[in-house]
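J.: I'd like to ask you about the structure that follows.
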Amino acid sequence: MNLPWALLLVLLSHGQLLPWLRIVGEPSLNDFYSEAQAKLFLQFYEQTAQVVLNEFMEATWNYVTNITRRNQKNMLQKEADRSQFMLYFGTRARMFKTDHFLNQDVKRMLRKLQNIDKSALPKKDLLEYNRLLTYMETAYNRAEVCLDEGPCLTLEPDLQEIMATSRDQKELLWAWQGWRDAVGRQLRPVFEDYVRLSNKAAQYNGYKDMGALWRSEYESDTLEEDLEQLYKELQPLYLNLHAYVRRSLYRYYGPELIDLRGPIPAHLLGNMWAQSWNNILDLVLPYPTKAPEDITEIMKIQHWRPEKMFEEANLFFTSMGMLPAPPAFWIKSMMEKPADGREVECHASSWNFYKFNDFRVKKCTEVTLEDLLSAFHQMGHIQYFLQYQNLSVIYQEGASPAFEEAVGSAIALSVSSHKYLLARGLLSQPHQDSEEEVNFLLGIALEKIAFIPFSYMVDKFRWKVFDGTISKIAYNQEWWNFRLKYQGLCPPVPRSDDDFDPGAKFHIPANVPYIRYFLGLVLQFQLHEALCEASGHVGPLHQCDNYNSKVAGKILGDLLKLGSSRPWREVLQEVTGESNISTKAFLTYFKPLMDWLVTENVKQGDTLGWPDFSCSSEEKITSKVSFLGTDTEPEQAYLGQWVLLSMSFIMLVLILALGFRLHYLEKQLLDKDTLTLPYSYFLGIAMEPHQAARKQWLLLGLCCILMLCCIGLLIRIVTQNTMQNTEKPP
C-alpha cells in the first residue's frame with residue numbers, strides 16, 4: 001500500500017479523520033467545505049505531510065550523494081508517492097470556497113496548498129516528466145571533458161579551476177567548448193518534451209504556462225515590469241564595469257580577441273558561465289602595485305578545511321544571537337567531494353528534511369575565498385530552516401524565493417568587509433587607503449555587478465521558451481541573442497542550433513527557477529543596509545560588519561521566523577521600512593567605485609556597451625580560415641585573395657590580347673590562298689592552319705571561363721568586405 005494512504009488509514013483508525021469526514025445529518029457542500037472543516041483538513045495534511053516529505057527528501061539525498069540506478073529507482077518511487085499525496089490534498093484544497101472565510105491564515109494556507117506543480121499531471125505524463133528531469137540532471141552531473149591523451153575532467157573542481165586560473169585562451173576555449181558539447185548536446189533532444197510537459201503541468205494548475213506558474217510565487221501582478229525597472233536602474237553599473245574590464249582584457253589578450261567597441265568573448269572572464277568575474281581580478285586590478293592579499297592562499301597556509309569554513313559561518317550567526325546548527329548537521333552533511341569514488345551531484349545546496357533539527361548542506365567545497373562566501377550563503381539557508389521549523393509545513397519556505405537567497409548573501413557582505421577579514425586573521429594590513437579601497441570594491445563588483453544581467457536573463461529566456469515566443473529550432477540562437485543583449489558577451493566559437501548551451505548551466509536541466517537570484521542580489525544589499533543601520537554602523541556601507549550585533553540578529557531572526565506565513569512585501573516593510581525591493585542600497589554600496597569607473601572610462605575614451613555588434617563578429621576568434629586548401633590567418637587569406645585577383649586581371653588582359661591576335665590571324669588566313677601557308681604553329685607545334693585556329697579558339701574559351709571565375713572572386717571579395725564594414729560600429 002502506498003505511504004500516503006497507509007498514513008490516512010492509520011489516522012482514520014485513531015479517530016483523527018472522523019471529525020472531518022463525518023457530518024451529522026444530511027450535510028450540504030457548504031457544511032462539508034466550511035471554514036471549520038478547512039481547519040481540520042489542514043491539520044490532517046500536517047500530520048501526514050512531514051512523513052511523506054521526509055521520506056522523499058531522504059531518497060533524493062541518497063541519490064544525489066551516491067548516484068546509482070538503485071538509488072535513482074528508489075527516488076523516483078518516493079517522488080511518485082509524494083506527487084500522489086500532493087495531488088490528493090491539492091485537489092481537495094481547491095474545493096474550499098474561501099471568499100467568505102474570515103481566517104486569513106486558513107485562506108493563505110489553502111491557496112498555497114492548491115499549487116501542486118507537476119503533481120497535477122496525469123500518471124503517465126508524470127512518470128515521463130520525472131524520468132526526463134532525472135535524465136537531464138544526471139547527464140549534467142556525470143558529464144566529463146576528456147583530454148586527447150589523458151584523464152577525463154569533471155566540472156567540479158577540474159574544469160572550474162581551469163576557467164578560474166588559466167590565462168591561455170586556447171586552454172580556456174577547450175574547457176569552455178568541451179563542457180557545452182558534453183552536456184548541451186545530450187539535453188537538446190529532450191528539452192522540447194520537458195517544455196511541453198512543464199506547460200501541461202502549469203495548465204493543470206490553472207496557469208497559461210510554466211513561466212506564469214513560476215512568477216506566481218512572488219504574489220505580484222507587476223513582477224515583470226518591476227524586474228525591468230530594477231534592471232534599468234542597475235544597468236549603468238554593469239555597462240561601466242563591462243567597458244573597464246573589456247579594456248583590461250584588451251591589454252592582456254590584444255586586438256585578436258578583444259574589440260574595444262564590441263562584446264567580450266565568454267570564455268575569458270574566469271567562470272564557466274561568465275556570471276562572476278572575480279577570478280580575473282589580477283588582470284583588471286586598478287592599482288596593481290597595491291594588490292590585495294591573497295585570502296585563498298592565507299586560508300591554505302592556515303590549514304583551513306571545508307568543515308572549518310562552515311564552522312566559521314555558524315559562528316557568525318551565533319555571534320548575532322541566532323541559532324546554532326544542530327549536531328546532526330555536522331554528521332549528515334556532505335561538505336566536500338567524497339574520496340571513496342562515489343558519483344555525486346556537486347552543485348551546492350541546502351536541505352530541509354521536514355524533521356526536527358534535520359538540516360544538511362551538500363557542497364564539494366574547495367578551500368578558497370569564493371567557497372568561503374558560498375558556505376556563508378548556504379548557512380543562511382540553514383538558519384532560515386532552523387528559525388521557521390516550528391511553523392506549518394506549508395509555511396516552511398522563505399517569504400519569497402528571493403528572501404531565501406538574500407539572507408546568507410547579506411551576511412556574506414559583512415564577511416567580505418576589511419574589518420571582518422582582519423579580525424578573523426585573514427588580512428594583515430590594518431587600514432585601506434583610497435586606492436586599496438577601489439581595488440577592494442572592484443573585487444566585490446566582479447562578483448555582484450557582473451551577475452546582474454546573467455541573473456536577469458536566464459529566466460527571461462526560459463519564460464519566452466515556455467510561452468512559445470522562442471521556438472524549438474531557435475533555442476541556442478536566442479540564448480546567445482539574450483547573452484549579447486544583456487551581458488555583452490559572445491561565444492568564442494560559432495555555435496549552431498544543434499548545440500544547446502543553456503543546458504550547460506545547472507539550473508536549466510535541474511528545473512530550478514532563476515529570477516530568485518536577481519531579486520536576491522538586489523535584496524541582499526537592502527537587508528544589509530537595514531541591519532547595518534540597526535547595529536549603529538557609521539560610515540560607508542561597504543565597511544559595515546554585523547558580526548556580534550545582537551540587535552541585527554534579533555531583526556533578522558524575527559524575519560526568518562515568519563517563513564512564508566505572510567506576504568513578502570509586509571515582511572520587507574517591517575525590516576527595511578520599504579514594501580518594494582529597491583536598488584538604492586546596491587547603488588550606495590558601489591558609489592565610490594562607480595565614480596572611479598566613470599572617470600576612468602571617460603579618460604580612456606571607452607564606449608559603453610557594444611553598439612551595432614552581433615556575435616558573428618566573433619568568428620575571428622576561430623583563428624584560422626581556409627584558403628586554397630590550407631588553414632591560414634584571416635588577414636593573410638584576405639591578402640592572398642587580392643593577390644590572386646590581381647594575377648587574374650593580368651591574365652584577363654593576356655586573354656583579350658590573344659583573342660585579338662587570333663581574330664587578326666584568321667582574317668589573314670581567309671584573305672590568302674591556303675596553299676601559300678603550308679602549316680602554322682600552335683604552342684610551338686606545326687600543324688594545318690585550320691587545326692591551329694580551332695585549338696586557339698579552344699584555348700580562348702578556357703581563358704574566358706577563367707575570366708568568369710575571376711569576376712566571381714571579385715564579387716565575393718567585395719561582398720565580404722562590405723559585410724565586415726557593416727558589422728563594425730560607426
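Chain labels run A, B, ... following the order of the C-alpha cells; each chain numbers its residues from 1, and ligands are numbered from 1 in the order shown.
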To test your reading of the structure, identify every residue in segment 70-100 of chain A that backbone DSSP assigns to alpha helix (DSSP H), and report it as a list in words.

T.: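 Taking segment 70-100 of chain A and keeping alpha helix (DSSP H) only, one gets Arg70, Asn71, Gln72, Lys73, Asn74, Met75, Leu76, Gln77, Lys78, Glu79, Ala80, Asp81, Arg82, Ser83, Gln84, Phe85, Met86, Leu87, Tyr88, Phe89, Gly90, Thr91, Arg92 and Ala93 of chain A.
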
J.: Write out, as a tab-separated table, each residue of segment 274-321 of chain A that has an atom at most 9 Å from segment 379-403 of chain A, together with the closest pair of atoms and their distance in Å to one decimal, counting only C-alpha atoms, rows going by chain and rising number.

T.:
residue	atom	partner	partner_atom	distance
A:Phe310	CA	A:Met379	CA	7.3
A:Ala313	CA	A:Met379	CA	6.5
A:Asn314	CA	A:Met379	CA	6.8
A:Phe317	CA	A:Gln383	CA	7.9

J.: Please report the interatomic distance between atom CA of Phe451 of chain A and atom CA of Val598 of chain A in Å with one decimal.

T.: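 The value is 19.3 Å.
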
J.: When you count only C-alpha atoms, which of these residues is closest to Ser582 of chain A: A:Glu311, A:Asp125, A:Asp226, A:Glu405?

T.: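 With only C-alpha atoms as the atom set, the closest residue is A:Asp226.
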
J.: With segment 474-498 of chain A as the partner and 8 Å as the cut-off, tabulate the residues of segment 212-292 of chain A that qualify, each row holding the nearest pair of atoms and their distance in Å to one decimal, using only C-alpha atoms, sorted by chain and rising number, as JSON lines.

T.:
{"residue": "A:His242", "atom": "CA", "partner": "A:Gly488", "partner_atom": "CA", "distance": 7.9}
{"residue": "A:Gly262", "atom": "CA", "partner": "A:Gly488", "partner_atom": "CA", "distance": 7.6}
{"residue": "A:Pro263", "atom": "CA", "partner": "A:Gly488", "partner_atom": "CA", "distance": 4.6}
{"residue": "A:Ile264", "atom": "CA", "partner": "A:Leu489", "partner_atom": "CA", "distance": 4.8}
{"residue": "A:Pro265", "atom": "CA", "partner": "A:Cys490", "partner_atom": "CA", "distance": 5.1}
{"residue": "A:Ala266", "atom": "CA", "partner": "A:Leu489", "partner_atom": "CA", "distance": 5.5}
{"residue": "A:His267", "atom": "CA", "partner": "A:Pro492", "partner_atom": "CA", "distance": 6.6}

J.: Expressed in Å to a single decimal, how great is the separation between atom CA of Val51 of chain A and atom CA of Ile116 of chain A?

T.: 17.5 Å

J.: For segment 535-547 of chain A, please output as a ChimeraX atom specification all residues within 10 Å (counting only C-alpha atoms; exclusion window: fewer than 2 positions along the same chain).

T.: /A:315-320,410-421,437,440-441,444,525,528-533,549-553,585-586,588-592

J.: Please report, as a PyMOL selection string, each residue of segment 230-441 of chain A to which DSSP assigns strand (DSSP E or B) when run on this structure's backbone.

T.: chain A and resi 264-265+334+349-352+359-362

J.: Output all heavy atoms of each residue in that selection to a file, as a short mmCIF file (atom, residue, chain, number, x, y, z; two decimals), in the first residue's frame.

T.:
data_model
loop_
_atom_site.label_atom_id
_atom_site.label_comp_id
_atom_site.auth_asym_id
_atom_site.auth_seq_id
_atom_site.Cartn_x
_atom_site.Cartn_y
_atom_site.Cartn_z
N ILE A 264 32.48 40.89 -25.33
CA ILE A 264 33.63 40.16 -24.81
C ILE A 264 33.43 38.67 -25.07
O ILE A 264 32.34 38.15 -24.84
CB ILE A 264 33.78 40.40 -23.29
CG1 ILE A 264 33.99 41.89 -23.00
CG2 ILE A 264 34.94 39.59 -22.72
CD1 ILE A 264 33.99 42.23 -21.51
N PRO A 265 34.46 37.96 -25.54
CA PRO A 265 34.33 36.50 -25.67
C PRO A 265 34.06 35.86 -24.31
O PRO A 265 34.72 36.17 -23.31
CB PRO A 265 35.71 36.08 -26.21
CG PRO A 265 36.24 37.31 -26.89
CD PRO A 265 35.73 38.46 -26.07
N MET A 334 27.21 16.73 3.50
CA MET A 334 28.32 16.42 2.60
C MET A 334 29.02 17.73 2.27
O MET A 334 28.58 18.50 1.42
CB MET A 334 27.82 15.76 1.31
CG MET A 334 28.93 15.21 0.42
SD MET A 334 28.36 14.76 -1.24
CE MET A 334 28.58 16.33 -2.11
N SER A 349 23.94 23.10 -2.34
CA SER A 349 22.53 23.25 -1.98
C SER A 349 22.33 22.95 -0.50
O SER A 349 23.16 22.30 0.13
CB SER A 349 21.64 22.32 -2.83
OG SER A 349 22.06 20.97 -2.71
N SER A 350 21.23 23.46 0.04
CA SER A 350 20.87 23.25 1.44
C SER A 350 19.53 22.52 1.50
O SER A 350 18.64 22.78 0.68
CB SER A 350 20.78 24.58 2.18
OG SER A 350 22.03 25.26 2.12
N TRP A 351 19.38 21.66 2.51
CA TRP A 351 18.27 20.72 2.52
C TRP A 351 17.51 20.76 3.84
O TRP A 351 18.11 20.67 4.92
CB TRP A 351 18.79 19.29 2.30
CG TRP A 351 19.42 19.09 0.96
CD1 TRP A 351 20.49 19.76 0.43
CD2 TRP A 351 19.01 18.14 -0.03
NE1 TRP A 351 20.78 19.29 -0.83
CE2 TRP A 351 19.89 18.29 -1.14
CE3 TRP A 351 18.01 17.19 -0.09
CZ2 TRP A 351 19.78 17.51 -2.28
CZ3 TRP A 351 17.90 16.41 -1.23
CH2 TRP A 351 18.77 16.57 -2.31
N ASN A 352 16.19 20.86 3.74
CA ASN A 352 15.29 20.73 4.88
C ASN A 352 14.61 19.37 4.78
O ASN A 352 13.93 19.08 3.79
CB ASN A 352 14.25 21.85 4.85
CG ASN A 352 13.23 21.74 5.97
OD1 ASN A 352 13.36 20.91 6.87
ND2 ASN A 352 12.20 22.58 5.93
N PHE A 359 18.77 19.19 9.14
CA PHE A 359 19.08 20.09 8.02
C PHE A 359 20.51 19.78 7.57
O PHE A 359 21.38 19.50 8.40
CB PHE A 359 18.96 21.55 8.45
CG PHE A 359 17.69 21.85 9.20
CD1 PHE A 359 17.72 22.18 10.55
CD2 PHE A 359 16.46 21.78 8.57
CE1 PHE A 359 16.56 22.44 11.25
CE2 PHE A 359 15.29 22.03 9.26
CZ PHE A 359 15.33 22.37 10.61
N ARG A 360 20.76 19.88 6.27
CA ARG A 360 22.08 19.49 5.75
C ARG A 360 22.48 20.40 4.59
O ARG A 360 21.62 21.01 3.95
CB ARG A 360 22.06 18.04 5.27
CG ARG A 360 21.51 17.05 6.27
CD ARG A 360 21.33 15.66 5.67
NE ARG A 360 20.38 14.86 6.45
CZ ARG A 360 19.94 13.67 6.11
NH1 ARG A 360 20.37 13.10 4.98
NH2 ARG A 360 19.06 13.02 6.86
N VAL A 361 23.77 20.43 4.32
CA VAL A 361 24.29 21.07 3.12
C VAL A 361 25.00 20.02 2.28
O VAL A 361 25.51 19.02 2.80
CB VAL A 361 25.26 22.23 3.42
CG1 VAL A 361 24.55 23.36 4.12
CG2 VAL A 361 26.46 21.75 4.21
N LYS A 362 24.99 20.25 0.98
CA LYS A 362 25.71 19.41 0.03
C LYS A 362 26.57 20.32 -0.83
O LYS A 362 26.06 21.16 -1.56
CB LYS A 362 24.73 18.62 -0.84
CG LYS A 362 25.39 17.85 -1.98
CD LYS A 362 24.36 17.18 -2.87
CE LYS A 362 23.43 18.18 -3.54
NZ LYS A 362 24.15 19.10 -4.46
#

J.: Which residues are close to Gln275 of chain A, i.e. within 10 Å by only C-alpha atoms, leaving aside same-chain residues fewer than 6 positions away? Reply as number ranges by chain.

T.: A: 266, 269, 446-455, 487

J.: Considering only C-alpha atoms, tabulate each residue of segment 317-383 of chain A that lies at most 9 Å from segment 285-296 of chain A along with its nearest interatomic pair and the corresponding distance in Å to one decimal; arrange the rows by chain and ascending residue number and present them as a Markdown table.

T.:
| residue | atom | partner | partner_atom | distance |
| --- | --- | --- | --- | --- |
| A:Val367 | CA | A:Thr296 | CA | 6.8 |
| A:Thr368 | CA | A:Thr296 | CA | 4.6 |
| A:Leu369 | CA | A:Thr296 | CA | 5.2 |
| A:Glu370 | CA | A:Thr296 | CA | 8.3 |

J.: Using only C-alpha atoms, which residues sit within 8 Å of Ser565 of chain A once same-chain residues fewer than 2 positions away are excluded, as an MDAnalysis selection string?

T.: chainID A and resid 105 108 395 399 562:563 567
